[in-house]
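First comes the structure, then the notes that go with it.
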2 protein chains.
Amino acid sequence: MPETAYWVDGERAAALPLPDRGLFYGDGLFETLLVVSGRPLLQGLHWQRLQRGMARLGFPEHSLPALEAQLLAACEGSAAEGWHRLRLTVTRGGGEPGYAPAEPAQLRCIISCQPLARDPRIPLPAAELEVAELSWGSQPALAGIKHLNRLEQVLAAREARERGCDDLVVLGQGGDVISTTSANLFLVRDRWLLTPTLEQAGIAGTRRQLILEELGEACGLQAEPVALGPADLAAADELFLCNAVIGLRAVSRLAERRWDDWPVTRQLQAAYAERLDR
Amino acid sequence: MPETAYWVDGERAAALPLPDRGLFYGDGLFETLLVVSGRPLLQGLHWQRLQRGMARLGFPEHSLPALEAQLLAACEGSAAEGWHRLRLTVTRGGGEPGYAPAEPAQLRCIISCQPLARDPRIPLPAAELEVAELSWGSQPALAGIKHLNRLEQVLAAREARERGCDDLVVLGQGGDVISTTSANLFLVRDRWLLTPTLEQAGIAGTRRQLILEELGEACGLQAEPVALGPADLAAADELFLCNAVIGLRAVSRLAERRWDDWPVTRQLQAAYAERLDR
C-alpha cells in the first residue's frame, strides 16, 4: 500500500483537530489533483471550481492564496518525484455545535498525498457499464460543485461493486443522464461531443471542463453540455468517461449496447496525454 | 463557552486520525442525545434510528453494542452532573481513497459532550418563521436517516440568519412541506396532530417519533404523518417544532399568519417534560 502523507493547515499531521464542521456536517469542499514531479496539473481548472464552491457555501475568498501556498508546499515536500494524487480538502473549521456557522469562517485545509499506481497518460482498458438503480438526488443549490457530501457516491460505488461492473451510469431523479458513480460522461455523435448539463445534480469535473473548453476544439469537434437521456447514450457512436484520476476512458458496453472501436476517443486521449506533458 | 469533551473509539482525544471517510465523504451517521445526570434520554429512539441508518449505509450491525458501551462510558465520565448534549458520530473509518468502501467496514466512533445552557423541559418562547428560499433535495435513498451530509442544513441555517427569523420552513423539491432547518414540524387541526411524511427528504426526529408513538395518544390526539403543503400550515389551529435540543416549541408566526394561543402544544409540552423526568 503506498504511503500517504497528511497536512493540516500547512503542518504535517496524522490527525484532524476536533471539532471540525467538515466531519460533523460535510461543510466543506475538495479537489483531487494529479501532481507530477512536484507540479500540480491543471491547477487553474481545479482552482476555478474550488472558488465557485467557496462562493456557493459562503467561504471567504481571501483564503485562496493561503490554500495555494499550502498546496504548493505539499507538492514540493512530498510529491517531488513521479506521479502522485493529491487531495485538498477545505472545511469551515471548528466552532460551536449547530448547523449555523460562525461568520466569518476560519477555514481549515487538509491535504493528503500518495503515489499514483499508474501513469495517468496511458488509458485504462475500455469500461463495461450498467445503469444504476440509485438515482442522484436533485439539489440545484449544490449541483456542479465538489463538496464533501458524497454519501450518494458511496452508495453508488457499493452498487457497482455488487453488480460486478466497472462503473454505473447514474441518472437524475427525472430520468435524465448525469454521470457515472465517479466520472463525467461524454458521447460522440458525428463530429459532436455531448455531455450532460449538471443543473440538478453531478460534479462539474476538471477534465469535462478541459474537453469542453480546449480538447474538443483541438480535435475538430463541437463540444457542448446538453440534456441527455439513456436512449441518447445507446444511439452514440462512442462513449467515454473522464475524471482526474482515470483520465479519459472508453466505454465498451452499456447494458446490452456494445462498442469496439473508438476513433474519436483515441484522438482525445492522445490530446489529453499531450496536454498533461505540457 | 462551555467546555466540550471528545472521545474517539472510547479514548479521550482532541483529534480524529486521518484518513476518515466521515470527513472525506460524509460517510457516516450521528445522533444528538440529551444526557441528564449521566443517563442518556430516549436512547431507544436514537438507537432505532441509528440502526436504520446503519442498515441503509451497509454498516455492520454487530458494532452496535460497542457503540453503546462507548456512549455509556462517555455519559458517566463527562456528563455525570446536570444536563448535557452529547453527539455520537459513527463513520466508516479510514481506508484507501475512493468512494467504494472496504468491506466489512471498520467503524469509528466520535463522541462530543458539553453542558446544556438551558433546561430542555422548559419550552423556548414561541418561534417566528418564514418559508425558506432553499428547498431540500430529493433523495429517497437517504431520506429519514441522520447521516453526515448536512450541507443543505448549513445553507438553510445561513439563510435563516440572514433573514433574521428564528427558523425557516423548508419545502421539498415538489413544493411539499418537509421540516424547518433543524426541527420537525407538527400542525394541530381539531384533535389531529399531523407531521410531514419524509420519503423524499428530511430527518425522522426522535421527538417526532415520540409524539407519533406515545405523546399524541397520551394527550387524546390522533397523530399521523401525511403529505402537507404550505396552505395546510396556514390553516392549522396550532403549529410547533421539535427536536432533541429544543424540545417542543410553539410557532407564533409563519409569514403573514399569526398564532397566540397553543392549548394543545402546551399540553404536549407538559407531557414531554414529564416524559424526560421518567
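All residue names refer to the C-alpha cells as shown: chains lettered A, B, ... in order, residues numbered from 1 in each chain, ligands numbered from 1 in order.
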
Would you please extract all helix (DSSP H, G or I) residues from region 38-180 of chain B, as assigned by DSSP on the backbone, and give them as a PyMOL selection string? chain B and resi 43-57+61-78+151-163

Can I get the residues of region 70-188 of chain B within 12 Å of region 25-42 of chain B, each with the closest pair of atoms and their distance in Å to one decimal, using only C-alpha atoms, sorted chain first then ascending number, as CSV?
residue,atom,partner,partner_atom,distance
B:Leu71,CA,B:Pro40,CA,8.4
B:Leu72,CA,B:Pro40,CA,7.7
B:Ala73,CA,B:Gly38,CA,9.0
B:Ala74,CA,B:Gly38,CA,8.4
B:Cys75,CA,B:Gly38,CA,4.7
B:Glu76,CA,B:Gly38,CA,4.9
B:Gly77,CA,B:Gly38,CA,7.9
B:Ser78,CA,B:Gly38,CA,7.7
B:Ala79,CA,B:Gly38,CA,5.0
B:Ala80,CA,B:Gly38,CA,4.0
B:Glu81,CA,B:Ser37,CA,4.5
B:Gly82,CA,B:Ser37,CA,5.3
B:Trp83,CA,B:Val36,CA,4.6
B:His84,CA,B:Val35,CA,5.0
B:Arg85,CA,B:Leu34,CA,4.8
B:Leu86,CA,B:Leu33,CA,5.2
B:Arg87,CA,B:Thr32,CA,4.4
B:Leu88,CA,B:Glu31,CA,5.3
B:Thr89,CA,B:Phe30,CA,4.3
B:Val90,CA,B:Leu29,CA,5.3
B:Thr91,CA,B:Gly28,CA,4.0
B:Arg92,CA,B:Gly28,CA,6.0
B:Gly93,CA,B:Asp27,CA,8.6
B:Gly94,CA,B:Asp27,CA,10.3
B:Gly95,CA,B:Asp27,CA,11.9
B:Pro97,CA,B:Tyr25,CA,10.0
B:Gly98,CA,B:Tyr25,CA,9.2
B:Tyr99,CA,B:Tyr25,CA,7.5
B:Ala100,CA,B:Tyr25,CA,10.5
B:Pro101,CA,B:Asp27,CA,9.2
B:Ala105,CA,B:Asp27,CA,11.0
B:Gln106,CA,B:Gly28,CA,11.8
B:Leu107,CA,B:Gly28,CA,8.9
B:Arg108,CA,B:Gly28,CA,9.1
B:Cys109,CA,B:Phe30,CA,9.5
B:Ile110,CA,B:Phe30,CA,9.2
B:Ile111,CA,B:Phe30,CA,9.5
B:Ser112,CA,B:Thr32,CA,9.4
B:Cys113,CA,B:Val35,CA,9.1
B:Gln114,CA,B:Val35,CA,9.7
B:Pro115,CA,B:Val35,CA,9.1
B:Leu116,CA,B:Leu34,CA,8.6
B:Ala117,CA,B:Leu34,CA,12.0
B:Arg118,CA,B:Leu34,CA,11.4
B:Asp119,CA,B:Val36,CA,10.0
B:Pro120,CA,B:Leu34,CA,8.5
B:Arg121,CA,B:Leu34,CA,10.9
B:Leu142,CA,B:Leu29,CA,11.0
B:Gly144,CA,B:Leu29,CA,11.7
B:Ile145,CA,B:Leu29,CA,8.0
B:Lys146,CA,B:Leu29,CA,5.7
B:His147,CA,B:Leu29,CA,4.0
B:Leu148,CA,B:Gly26,CA,4.9
B:Asn149,CA,B:Gly26,CA,5.4
B:Arg150,CA,B:Gly26,CA,8.5
B:Leu151,CA,B:Gly26,CA,10.0
B:Ser182,CA,B:Thr32,CA,11.9

Between B:Glu68, B:Ala250, B:Leu221, B:Val169, which has the minimum distance to Asp9 (chain B) (counting only C-alpha atoms)? B:Glu68

Backbone DSSP call of strand (DSSP E or B) for region 37-263 of chain A, listed as a PyMOL selection string: chain A and resi 39-40+83-91+108-115+127-136+138+144+147+167-172+177-180+184-189+192-196+203+222-226+238-243+247-254+257-258

Which residues are close to Glu130 (chain B), i.e. within 9 Å by only C-alpha atoms, leaving aside same-chain residues fewer than 6 positions away? Reply as a PyMOL selection string. chain B and resi 160+163+165-170+253-256

Go ahead and save the residues from that selection, with C-alpha atoms, as a PDB file, in the first residue's frame.
ATOM      1  CA  ALA B 160     -32.418  31.897   8.427  1.00  0.00           C
ATOM      2  CA  ARG B 163     -33.448  36.789   7.124  1.00  0.00           C
ATOM      3  CA  CYS B 165     -36.078  34.923  11.882  1.00  0.00           C
ATOM      4  CA  ASP B 166     -35.967  32.104  14.439  1.00  0.00           C
ATOM      5  CA  ASP B 167     -36.188  29.331  11.866  1.00  0.00           C
ATOM      6  CA  LEU B 168     -37.440  28.618   8.331  1.00  0.00           C
ATOM      7  CA  VAL B 169     -39.989  26.174   6.988  1.00  0.00           C
ATOM      8  CA  VAL B 170     -38.187  24.256   4.232  1.00  0.00           C
ATOM      9  CA  ARG B 253     -45.842  33.372  13.191  1.00  0.00           C
ATOM     10  CA  LEU B 254     -45.344  31.831   9.764  1.00  0.00           C
ATOM     11  CA  ALA B 255     -45.000  34.582   7.143  1.00  0.00           C
ATOM     12  CA  GLU B 256     -48.266  36.564   7.466  1.00  0.00           C
TER      13      GLU B 256
END

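The smallest atom-to-atom distance between Arg266 (chain B) and any of B:Ala156, B:Leu129, B:Leu248, B:Ala69, using only C-alpha atoms, is found for B:Leu248.
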
So how many Å separate CA of Ile246 (chain B) and CA of Ala273 (chain B), to one decimal? 11.7 Å

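Minimum atom-to-atom distances from B:Ala102, B:Leu64, B:Leu50, B:Val131 to chain A were compared using only C-alpha atoms, and the lowest value belongs to B:Ala102.
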
With distances taken over only C-alpha atoms, which residue among B:Pro17, B:Glu162, B:Ala236, B:Pro140 lies nearest Glu199 (chain B)? B:Pro140

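With only C-alpha atoms as the basis for measurement, B:Glu3 is the residue among B:Glu3, B:Asp237, B:Glu214, B:Glu274 that approaches chain A most closely.
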
I'd like the neighbourhood of Ala204 (chain B) as a ChimeraX atom specification, where a residue qualifies if any of its atoms comes within 12 Å (using only C-alpha atoms), though same-chain residues fewer than 6 positions away should be ignored. /B:31,45-46,48-50,52-53,142-147,178-179,182-185,195-198,210-212,225,242-244

Resulting file, chosen residues, N, CA and C atoms, as a short mmCIF file (atom, residue, chain, number, x, y, z; two decimals), in the first residue's frame:
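And here is the file that came out, result.cif:
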data_model
loop_
_atom_site.label_atom_id
_atom_site.label_comp_id
_atom_site.auth_asym_id
_atom_site.auth_seq_id
_atom_site.Cartn_x
_atom_site.Cartn_y
_atom_site.Cartn_z
N GLU B 31 -26.10 11.03 16.05
CA GLU B 31 -27.24 11.22 16.93
C GLU B 31 -26.86 12.29 17.94
N LEU B 45 -35.08 5.38 21.11
CA LEU B 45 -35.47 6.03 19.85
C LEU B 45 -34.23 6.42 19.03
N HIS B 46 -33.19 6.92 19.71
CA HIS B 46 -31.95 7.24 19.00
C HIS B 46 -31.34 5.97 18.40
N GLN B 48 -32.86 3.16 17.55
CA GLN B 48 -33.66 2.67 16.40
C GLN B 48 -33.26 3.39 15.11
N ARG B 49 -33.13 4.74 15.22
CA ARG B 49 -32.79 5.50 14.01
C ARG B 49 -31.38 5.19 13.55
N LEU B 50 -30.45 5.11 14.52
CA LEU B 50 -29.06 4.80 14.17
C LEU B 50 -29.00 3.45 13.44
N ARG B 52 -31.38 1.95 11.75
CA ARG B 52 -31.96 2.10 10.40
C ARG B 52 -30.92 2.71 9.46
N GLY B 53 -30.20 3.74 9.94
CA GLY B 53 -29.18 4.38 9.12
C GLY B 53 -28.05 3.42 8.79
N LEU B 142 -31.66 8.33 0.99
CA LEU B 142 -31.07 8.88 2.22
C LEU B 142 -32.09 9.59 3.11
N ALA B 143 -33.34 9.67 2.66
CA ALA B 143 -34.35 10.40 3.45
C ALA B 143 -34.62 9.69 4.77
N GLY B 144 -34.87 10.48 5.80
CA GLY B 144 -35.27 9.93 7.10
C GLY B 144 -34.13 9.67 8.05
N ILE B 145 -32.99 9.18 7.53
CA ILE B 145 -31.87 8.83 8.42
C ILE B 145 -31.04 10.07 8.73
N LYS B 146 -30.23 9.97 9.79
CA LYS B 146 -29.46 11.14 10.23
C LYS B 146 -28.00 10.91 9.85
N HIS B 147 -27.70 11.15 8.57
CA HIS B 147 -26.35 10.94 8.05
C HIS B 147 -25.55 12.23 8.14
N ILE B 178 -41.58 19.89 4.42
CA ILE B 178 -40.78 18.79 4.98
C ILE B 178 -40.47 19.03 6.45
N SER B 179 -39.88 20.18 6.78
CA SER B 179 -39.38 20.41 8.14
C SER B 179 -38.97 21.87 8.26
N SER B 182 -33.80 22.75 11.16
CA SER B 182 -33.19 21.81 12.11
C SER B 182 -34.20 21.12 13.01
N ALA B 183 -35.49 21.20 12.68
CA ALA B 183 -36.50 20.59 13.55
C ALA B 183 -37.62 19.99 12.71
N ASN B 184 -38.32 19.00 13.27
CA ASN B 184 -39.54 18.51 12.65
C ASN B 184 -40.68 19.45 12.99
N LEU B 185 -41.73 19.33 12.21
CA LEU B 185 -42.83 20.28 12.27
C LEU B 185 -44.12 19.49 12.46
N THR B 195 -47.88 15.60 10.77
CA THR B 195 -46.47 15.94 10.50
C THR B 195 -46.12 15.42 9.12
N PRO B 196 -45.24 16.11 8.38
CA PRO B 196 -44.96 15.67 7.01
C PRO B 196 -44.36 14.26 6.94
N THR B 197 -44.74 13.53 5.92
CA THR B 197 -44.04 12.27 5.61
C THR B 197 -42.65 12.65 5.12
N LEU B 198 -41.70 11.74 5.25
CA LEU B 198 -40.31 12.06 4.95
C LEU B 198 -39.73 11.05 3.97
N LEU B 210 -41.49 10.12 19.12
CA LEU B 210 -42.08 10.04 20.46
C LEU B 210 -43.52 10.57 20.44
N ILE B 211 -43.72 11.67 19.71
CA ILE B 211 -45.07 12.25 19.63
C ILE B 211 -46.00 11.32 18.87
N LEU B 212 -45.51 10.77 17.75
CA LEU B 212 -46.34 9.88 16.93
C LEU B 212 -46.71 8.60 17.70
N PRO B 225 -48.29 10.88 10.17
CA PRO B 225 -47.53 11.53 9.08
C PRO B 225 -48.38 11.54 7.81
N CYS B 242 -40.10 20.50 16.79
CA CYS B 242 -39.49 19.65 17.82
C CYS B 242 -38.16 19.08 17.35
N ASN B 243 -37.23 19.05 18.28
CA ASN B 243 -36.03 18.23 18.12
C ASN B 243 -35.44 17.96 19.50
N ALA B 244 -34.35 17.20 19.55
CA ALA B 244 -33.83 16.77 20.86
C ALA B 244 -33.36 17.95 21.69
#

Computed gap from CA of Ala157 (chain A) to CA of Phe24 (chain A) is 22.4 Å

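Using only C-alpha atoms, the protein and nucleic acid residues lying no more than 10 Å from Leu215 (chain B), apart from those fewer than 4 places from it along its own chain, are Arg207, Arg208, Gln209, Leu210, Ile211, Cys219, Gly220, Leu221, Ala223, Gln267, Leu268, Gln269, Ala270, Ala271, Tyr272 and Arg275 of chain B.
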
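CA of Gln222 (chain B) is found 17.7 Å from CA of Ala235 (chain B).
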